[in-house]
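Asker: This is model26.cif, which holds mmCIF, C-alpha atoms and all ligand atoms:
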```cif
data_data
loop_
_atom_site.group_PDB
_atom_site.id
_atom_site.type_symbol
_atom_site.label_atom_id
_atom_site.label_comp_id
_atom_site.auth_asym_id
_atom_site.auth_seq_id
_atom_site.Cartn_x
_atom_site.Cartn_y
_atom_site.Cartn_z
ATOM 1 C CA MET A 1 -26.931 6.225 -46.015
ATOM 2 C CA ILE A 2 -24.003 5.454 -43.734
ATOM 3 C CA ARG A 3 -20.824 5.457 -45.806
ATOM 4 C CA PRO A 4 -17.440 3.896 -45.044
ATOM 5 C CA ILE A 5 -14.940 6.360 -43.566
ATOM 6 C CA VAL A 6 -11.655 6.385 -45.452
ATOM 7 C CA LEU A 7 -8.465 6.267 -43.440
ATOM 8 C CA TRP A 8 -5.299 8.329 -43.361
ATOM 9 C CA GLY A 9 -3.204 7.395 -46.378
ATOM 10 C CA ASN A 10 -6.186 7.255 -48.733
ATOM 11 C CA GLU A 11 -5.546 9.460 -51.762
ATOM 12 C CA VAL A 12 -8.831 11.382 -51.434
ATOM 13 C CA LEU A 13 -7.566 12.748 -48.101
ATOM 14 C CA GLU A 14 -4.351 13.842 -49.809
ATOM 15 C CA LYS A 15 -5.736 16.336 -52.296
ATOM 16 C CA PRO A 16 -7.416 19.696 -51.641
ATOM 17 C CA SER A 17 -11.198 19.450 -51.949
ATOM 18 C CA ASP A 18 -13.047 21.279 -54.731
ATOM 19 C CA SER A 19 -15.371 24.184 -54.024
ATOM 20 C CA VAL A 20 -19.061 23.513 -54.512
ATOM 21 C CA THR A 21 -20.249 25.683 -57.400
ATOM 22 C CA ASN A 22 -23.675 24.186 -57.994
ATOM 23 C CA ILE A 23 -25.915 22.656 -55.358
ATOM 24 C CA THR A 24 -27.839 19.674 -56.680
ATOM 25 C CA GLN A 25 -29.529 16.626 -55.205
ATOM 26 C CA ALA A 26 -26.052 15.070 -55.031
ATOM 27 C CA GLU A 27 -24.913 17.687 -52.489
ATOM 28 C CA VAL A 28 -28.118 17.315 -50.471
ATOM 29 C CA GLN A 29 -27.610 13.552 -50.367
ATOM 30 C CA LEU A 30 -23.926 13.965 -49.564
ATOM 31 C CA VAL A 31 -24.727 16.104 -46.509
ATOM 32 C CA GLN A 32 -27.386 13.629 -45.376
ATOM 33 C CA ASP A 33 -24.913 10.751 -45.692
ATOM 34 C CA MET A 34 -22.225 12.707 -43.860
ATOM 35 C CA ILE A 35 -24.557 13.452 -40.942
ATOM 36 C CA GLU A 36 -25.646 9.809 -40.657
ATOM 37 C CA THR A 37 -22.054 8.608 -40.924
ATOM 38 C CA MET A 38 -20.846 11.119 -38.310
ATOM 39 C CA TYR A 39 -23.531 10.080 -35.820
ATOM 40 C CA LYS A 40 -22.958 6.385 -36.406
ATOM 41 C CA ALA A 41 -19.173 6.631 -35.936
ATOM 42 C CA PRO A 42 -19.795 8.404 -33.494
ATOM 43 C CA GLY A 43 -17.967 11.682 -33.999
ATOM 44 C CA VAL A 44 -18.410 15.416 -33.576
ATOM 45 C CA GLY A 45 -17.521 16.309 -37.148
ATOM 46 C CA LEU A 46 -16.934 14.983 -40.635
ATOM 47 C CA ALA A 47 -15.534 16.381 -43.863
ATOM 48 C CA ALA A 48 -16.688 15.129 -47.271
ATOM 49 C CA PRO A 49 -13.305 13.658 -48.299
ATOM 50 C CA GLN A 50 -13.574 11.344 -45.287
ATOM 51 C CA ILE A 51 -16.342 9.507 -47.122
ATOM 52 C CA GLY A 52 -14.421 9.680 -50.382
ATOM 53 C CA VAL A 53 -15.928 12.862 -51.873
ATOM 54 C CA SER A 54 -13.474 15.642 -52.700
ATOM 55 C CA LYS A 55 -15.817 18.565 -52.099
ATOM 56 C CA ARG A 56 -15.640 21.466 -49.663
ATOM 57 C CA VAL A 57 -18.469 20.300 -47.433
ATOM 58 C CA MET A 58 -18.364 19.703 -43.692
ATOM 59 C CA VAL A 59 -20.706 18.903 -40.841
ATOM 60 C CA THR A 60 -20.184 19.156 -37.102
ATOM 61 C CA ASP A 61 -22.231 18.447 -34.013
ATOM 62 C CA ALA A 62 -20.335 19.145 -30.820
ATOM 63 C CA SER A 63 -23.107 17.412 -28.857
ATOM 64 C CA GLY A 64 -22.449 14.153 -30.742
ATOM 65 C CA GLY A 65 -26.128 13.971 -31.702
ATOM 66 C CA GLU A 66 -27.506 14.634 -28.222
ATOM 67 C CA ASP A 67 -28.957 17.950 -29.310
ATOM 68 C CA LYS A 68 -29.718 18.428 -32.996
ATOM 69 C CA ASP A 69 -29.586 22.210 -32.511
ATOM 70 C CA HIS A 70 -25.823 21.764 -32.466
ATOM 71 C CA LEU A 71 -25.740 20.353 -35.982
ATOM 72 C CA LEU A 72 -23.827 22.643 -38.342
ATOM 73 C CA THR A 73 -23.586 22.143 -42.084
ATOM 74 C CA ILE A 74 -21.432 24.432 -44.185
ATOM 75 C CA LEU A 75 -20.226 24.361 -47.775
ATOM 76 C CA ASN A 76 -17.143 26.220 -48.995
ATOM 77 C CA PRO A 77 -16.204 27.234 -45.437
ATOM 78 C CA GLU A 78 -13.593 29.896 -44.787
ATOM 79 C CA ILE A 79 -12.346 31.183 -41.470
ATOM 80 C CA VAL A 80 -12.944 34.913 -41.219
ATOM 81 C CA ALA A 81 -11.935 35.497 -37.599
ATOM 82 C CA ILE A 82 -10.295 33.672 -34.720
ATOM 83 C CA ASP A 83 -9.792 34.588 -31.099
ATOM 84 C CA GLY A 84 -7.933 33.107 -28.154
ATOM 85 C CA GLU A 85 -6.435 29.675 -27.843
ATOM 86 C CA GLN A 86 -7.377 26.303 -26.385
ATOM 87 C CA TYR A 87 -5.307 23.191 -25.938
ATOM 88 C CA ASP A 88 -7.066 19.854 -25.635
ATOM 89 C CA GLU A 89 -7.119 16.269 -26.802
ATOM 90 C CA GLU A 90 -8.186 15.668 -30.370
ATOM 91 C CA GLY A 91 -8.703 12.635 -32.554
ATOM 92 C CA CYS A 92 -9.912 11.928 -36.073
ATOM 93 C CA LEU A 93 -12.303 9.333 -37.495
ATOM 94 C CA SER A 94 -9.783 8.787 -40.303
ATOM 95 C CA ILE A 95 -7.007 8.116 -37.775
ATOM 96 C CA PRO A 96 -8.783 5.726 -35.388
ATOM 97 C CA GLY A 97 -7.037 4.753 -32.186
ATOM 98 C CA PHE A 98 -4.819 7.837 -31.952
ATOM 99 C CA SER A 99 -5.233 11.201 -30.290
ATOM 100 C CA ALA A 100 -3.067 14.048 -29.098
ATOM 101 C CA ASN A 101 -3.301 17.484 -27.560
ATOM 102 C CA VAL A 102 -3.710 20.119 -30.255
ATOM 103 C CA ALA A 103 -3.761 23.911 -29.979
ATOM 104 C CA ARG A 104 -6.794 25.531 -31.619
ATOM 105 C CA PRO A 105 -8.424 28.933 -31.497
ATOM 106 C CA LYS A 106 -10.869 29.384 -28.629
ATOM 107 C CA LYS A 107 -13.383 31.081 -30.916
ATOM 108 C CA VAL A 108 -13.879 30.914 -34.667
ATOM 109 C CA VAL A 109 -16.109 32.722 -37.123
ATOM 110 C CA LEU A 110 -16.729 30.928 -40.416
ATOM 111 C CA ARG A 111 -18.250 32.086 -43.642
ATOM 112 C CA GLY A 112 -19.683 29.805 -46.306
ATOM 113 C CA ILE A 113 -22.949 28.758 -47.896
ATOM 114 C CA ASP A 114 -25.766 26.481 -46.825
ATOM 115 C CA LEU A 115 -27.580 23.856 -48.891
ATOM 116 C CA ASN A 116 -29.794 26.569 -50.365
ATOM 117 C CA GLY A 117 -26.737 28.395 -51.661
ATOM 118 C CA LYS A 118 -27.289 31.221 -49.196
ATOM 119 C CA ASP A 119 -24.325 32.964 -47.575
ATOM 120 C CA ILE A 120 -24.044 32.029 -43.922
ATOM 121 C CA VAL A 121 -21.831 33.023 -41.032
ATOM 122 C CA LEU A 122 -21.253 30.595 -38.178
ATOM 123 C CA GLU A 123 -19.675 31.348 -34.847
ATOM 124 C CA GLY A 124 -18.390 28.733 -32.446
ATOM 125 C CA SER A 125 -16.261 28.436 -29.370
ATOM 126 C CA ASP A 126 -14.568 25.656 -27.408
ATOM 127 C CA LEU A 127 -15.428 22.221 -28.858
ATOM 128 C CA VAL A 128 -17.370 23.744 -31.754
ATOM 129 C CA ALA A 129 -14.353 25.870 -32.697
ATOM 130 C CA ARG A 130 -12.097 22.836 -32.388
ATOM 131 C CA ALA A 131 -14.383 20.697 -34.544
ATOM 132 C CA VAL A 132 -14.835 23.234 -37.327
ATOM 133 C CA CYS A 133 -11.095 23.952 -37.494
ATOM 134 C CA HIS A 134 -10.372 20.218 -37.634
ATOM 135 C CA GLU A 135 -12.891 19.574 -40.422
ATOM 136 C CA LEU A 136 -11.866 22.625 -42.428
ATOM 137 C CA ASP A 137 -8.286 21.371 -42.185
ATOM 138 C CA HIS A 138 -9.357 18.140 -43.935
ATOM 139 C CA LEU A 139 -10.513 20.162 -46.958
ATOM 140 C CA ASN A 140 -6.983 21.590 -47.133
ATOM 141 C CA VAL A 141 -5.153 18.278 -46.569
ATOM 142 C CA ILE A 142 -4.131 19.088 -43.013
ATOM 143 C CA PHE A 143 -4.466 16.459 -40.279
ATOM 144 C CA PHE A 144 -4.336 16.947 -36.535
ATOM 145 C CA LEU A 145 -0.979 15.182 -36.777
ATOM 146 C CA ASP A 146 0.334 18.156 -38.734
ATOM 147 C CA HIS A 147 -0.229 20.386 -35.708
ATOM 148 C CA LEU A 148 2.040 18.235 -33.519
ATOM 149 C CA SER A 149 5.772 18.453 -33.013
ATOM 150 C CA PHE A 150 7.820 16.485 -35.518
ATOM 151 C CA VAL A 151 8.690 13.899 -32.865
ATOM 152 C CA LYS A 152 5.102 13.283 -31.759
ATOM 153 C CA ARG A 153 3.876 13.189 -35.358
ATOM 154 C CA ASP A 154 6.601 10.755 -36.357
ATOM 155 C CA ILE A 155 5.766 8.362 -33.500
ATOM 156 C CA ILE A 156 2.120 8.172 -34.579
ATOM 157 C CA LYS A 157 2.977 7.871 -38.285
ATOM 158 C CA ARG A 158 5.355 4.985 -37.568
ATOM 159 C CA ARG A 159 2.666 3.208 -35.575
ATOM 160 C CA ILE A 160 0.136 3.702 -38.384
ATOM 161 C CA LYS A 161 2.617 2.432 -40.984
ATOM 162 C CA LYS A 162 3.143 -0.656 -38.859
ATOM 163 C CA LEU A 163 -0.626 -1.243 -38.764
ATOM 164 C CA VAL A 164 -0.704 -0.802 -42.568
ATOM 165 C CA ARG A 165 2.031 -3.446 -42.975
ATOM 166 C CA GLN A 166 0.109 -5.789 -40.676
ATOM 167 C CA GLY A 167 -3.033 -5.282 -42.736
ATOM 168 C CA LYS A 168 -4.783 -3.750 -39.732
ATOM 169 C CA TRP A 169 -5.363 -0.299 -41.218
ATOM 170 C CA GLU A 170 -8.593 -0.607 -43.164
HETATM 171 NI NI NI A 201 -10.598 14.213 -38.884
#
```
Reformat the file's structure so that it appears as structure tokens.

Answerer:
Amino acid sequence: MIRPIVLWGNEVLEKPSDSVTNITQAEVQLVQDMIETMYKAPGVGLAAPQIGVSKRVMVTDASGGEDKDHLLTILNPEIVAIDGEQYDEEGCLSIPGFSANVARPKKVVLRGIDLNGKDIVLEGSDLVARAVCHELDHLNVIFFLDHLSFVKRDIIKRRIKKLVRQGKWE
């Protein structure tokens, strides 16, 4: 089921997500909904809090759905290694209409569990690394805005607050 994506300022995006301790049908459905919602948006990644669920679950597909082999699902992700650096434009489905250049590692290795509760290790570079870092940030209440200089961040926040006042941020 495609779920509404909550926007920056929503309280669920403002608290650290809970680890998944028990995988039930609810988690399976959550992942399914996240994948459908990500593809519909369309986006290259989604974190559970973005559809209002405060759990450490994320999905990415750097191909944007072109190639389902690129679909990654990981629960309780942790970064175990990073390498290099890349600097490119980045946006967020919870901050529609804004983007900025953000520095990210060139390569990332993640550890977590899959929907069967099995330990998994995922490795990604370039856009995959960017997407997984971005989504993992959401679980820790970090937005791409937080990686910008104070001045750049403040400009975007002021513009969002103006949209909120105008009732255009929903
Ligand atoms: Ni985002």

Asker: Go through A:Leu46, A:Ile120, A:Met1, A:Leu127 one by one, measure the shortest atom-to-atom distance of each to A:Gln29 using only C-alpha atoms, and give the residue with the smallest value.

Answerer: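 Result for the nearest residue to A:Gln29: A:Met1.
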
Asker: Hey, which of A:Gln32, A:Val141, A:Asp88, A:Arg104 ends up closest to ligand NI 201 (chain A)? Count all atoms listed in the file.

Answerer: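 Under the stated criterion, the closest residue is A:Val141.
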
Asker: Considering all atoms listed in the file, give me a table of residues in chain A that are at most 6 Å from ligand NI 201 (chain A), with the closest atom pair and distance in Å for each, as a tab-separated table.

Answerer:
```
residue	atom	partner	partner_atom	distance
A:Cys92	CA	A:NI201	NI	3.7
A:Leu93	CA	A:NI201	NI	5.4
A:Ser94	CA	A:NI201	NI	5.7
```

Asker: Kindly resolve the PyMOL selection byres (((chain A and resi 146) around 12) and not hetatm) on the present coordinates and return the residues as a list of chain:residue names.

Answerer: A:Ala100, A:Asn101, A:Val102, A:Ala103, A:His134, A:Asp137, A:His138, A:Asn140, A:Val141, A:Ile142, A:Phe143, A:Phe144, A:Leu145, A:His147, A:Leu148, A:Ser149, A:Phe150, A:Val151, A:Lys152, A:Arg153, A:Asp154, A:Ile156, A:Lys157

Asker: Given all atoms listed in the file as the basis, pick out the residue of A:Pro16, A:Glu36, A:Ile74, A:Arg56 nearest to A:Gly117.

Answerer: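 Checking each candidate against A:Gly117, we get A:Ile74 as the closest.
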
Asker: Could you spell out the hits of the PyMOL selection byres (((chain A and resi 48) around 10) and not hetatm) on the shown file, as a list in words?

Answerer: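 Applying the expression gives Ile5, Val12, Leu13, Ser17, Leu30, Val31, Asp33, Met34, Leu46, Ala47, Pro49, Gln50, Ile51, Gly52, Val53, Ser54, Lys55, Arg56, Val57, Met58, Val59, Leu75, Glu135, His138 and Leu139 of chain A.
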
Asker: Atom CA of A:Asn22 and atom CA of A:Ala129 are how many Å apart?

Answerer: 27.0 Å

Asker: I need the residue set behind the PyMOL selection byres (((chain A and resi 71) around 8) and not hetatm) for this file; please write it as a PyMOL selection string.

Answerer: chain A and resi 59-62+65+67-70+72-73

Asker: When you count only C-alpha atoms, which of these residues is closest to A:Val108: A:Val128, A:Val121, A:Val20, A:Ile82?

Answerer: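 Among the listed residues, the smallest separation from A:Val108 belongs to A:Ile82.
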
Asker: Would you work out the distance separating atom CA of A:Gly84 from atom CA of A:Lys106, expressed in Å to one decimal?

Answerer: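 Atom CA of A:Gly84 sits 4.8 Å away from atom CA of A:Lys106.
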
Asker: By how many Å are atom CA of A:Glu85 and atom CA of A:Ser99 apart?

Answerer: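 Computed distance, atom CA of A:Glu85 to atom CA of A:Ser99, equals 18.7 Å.
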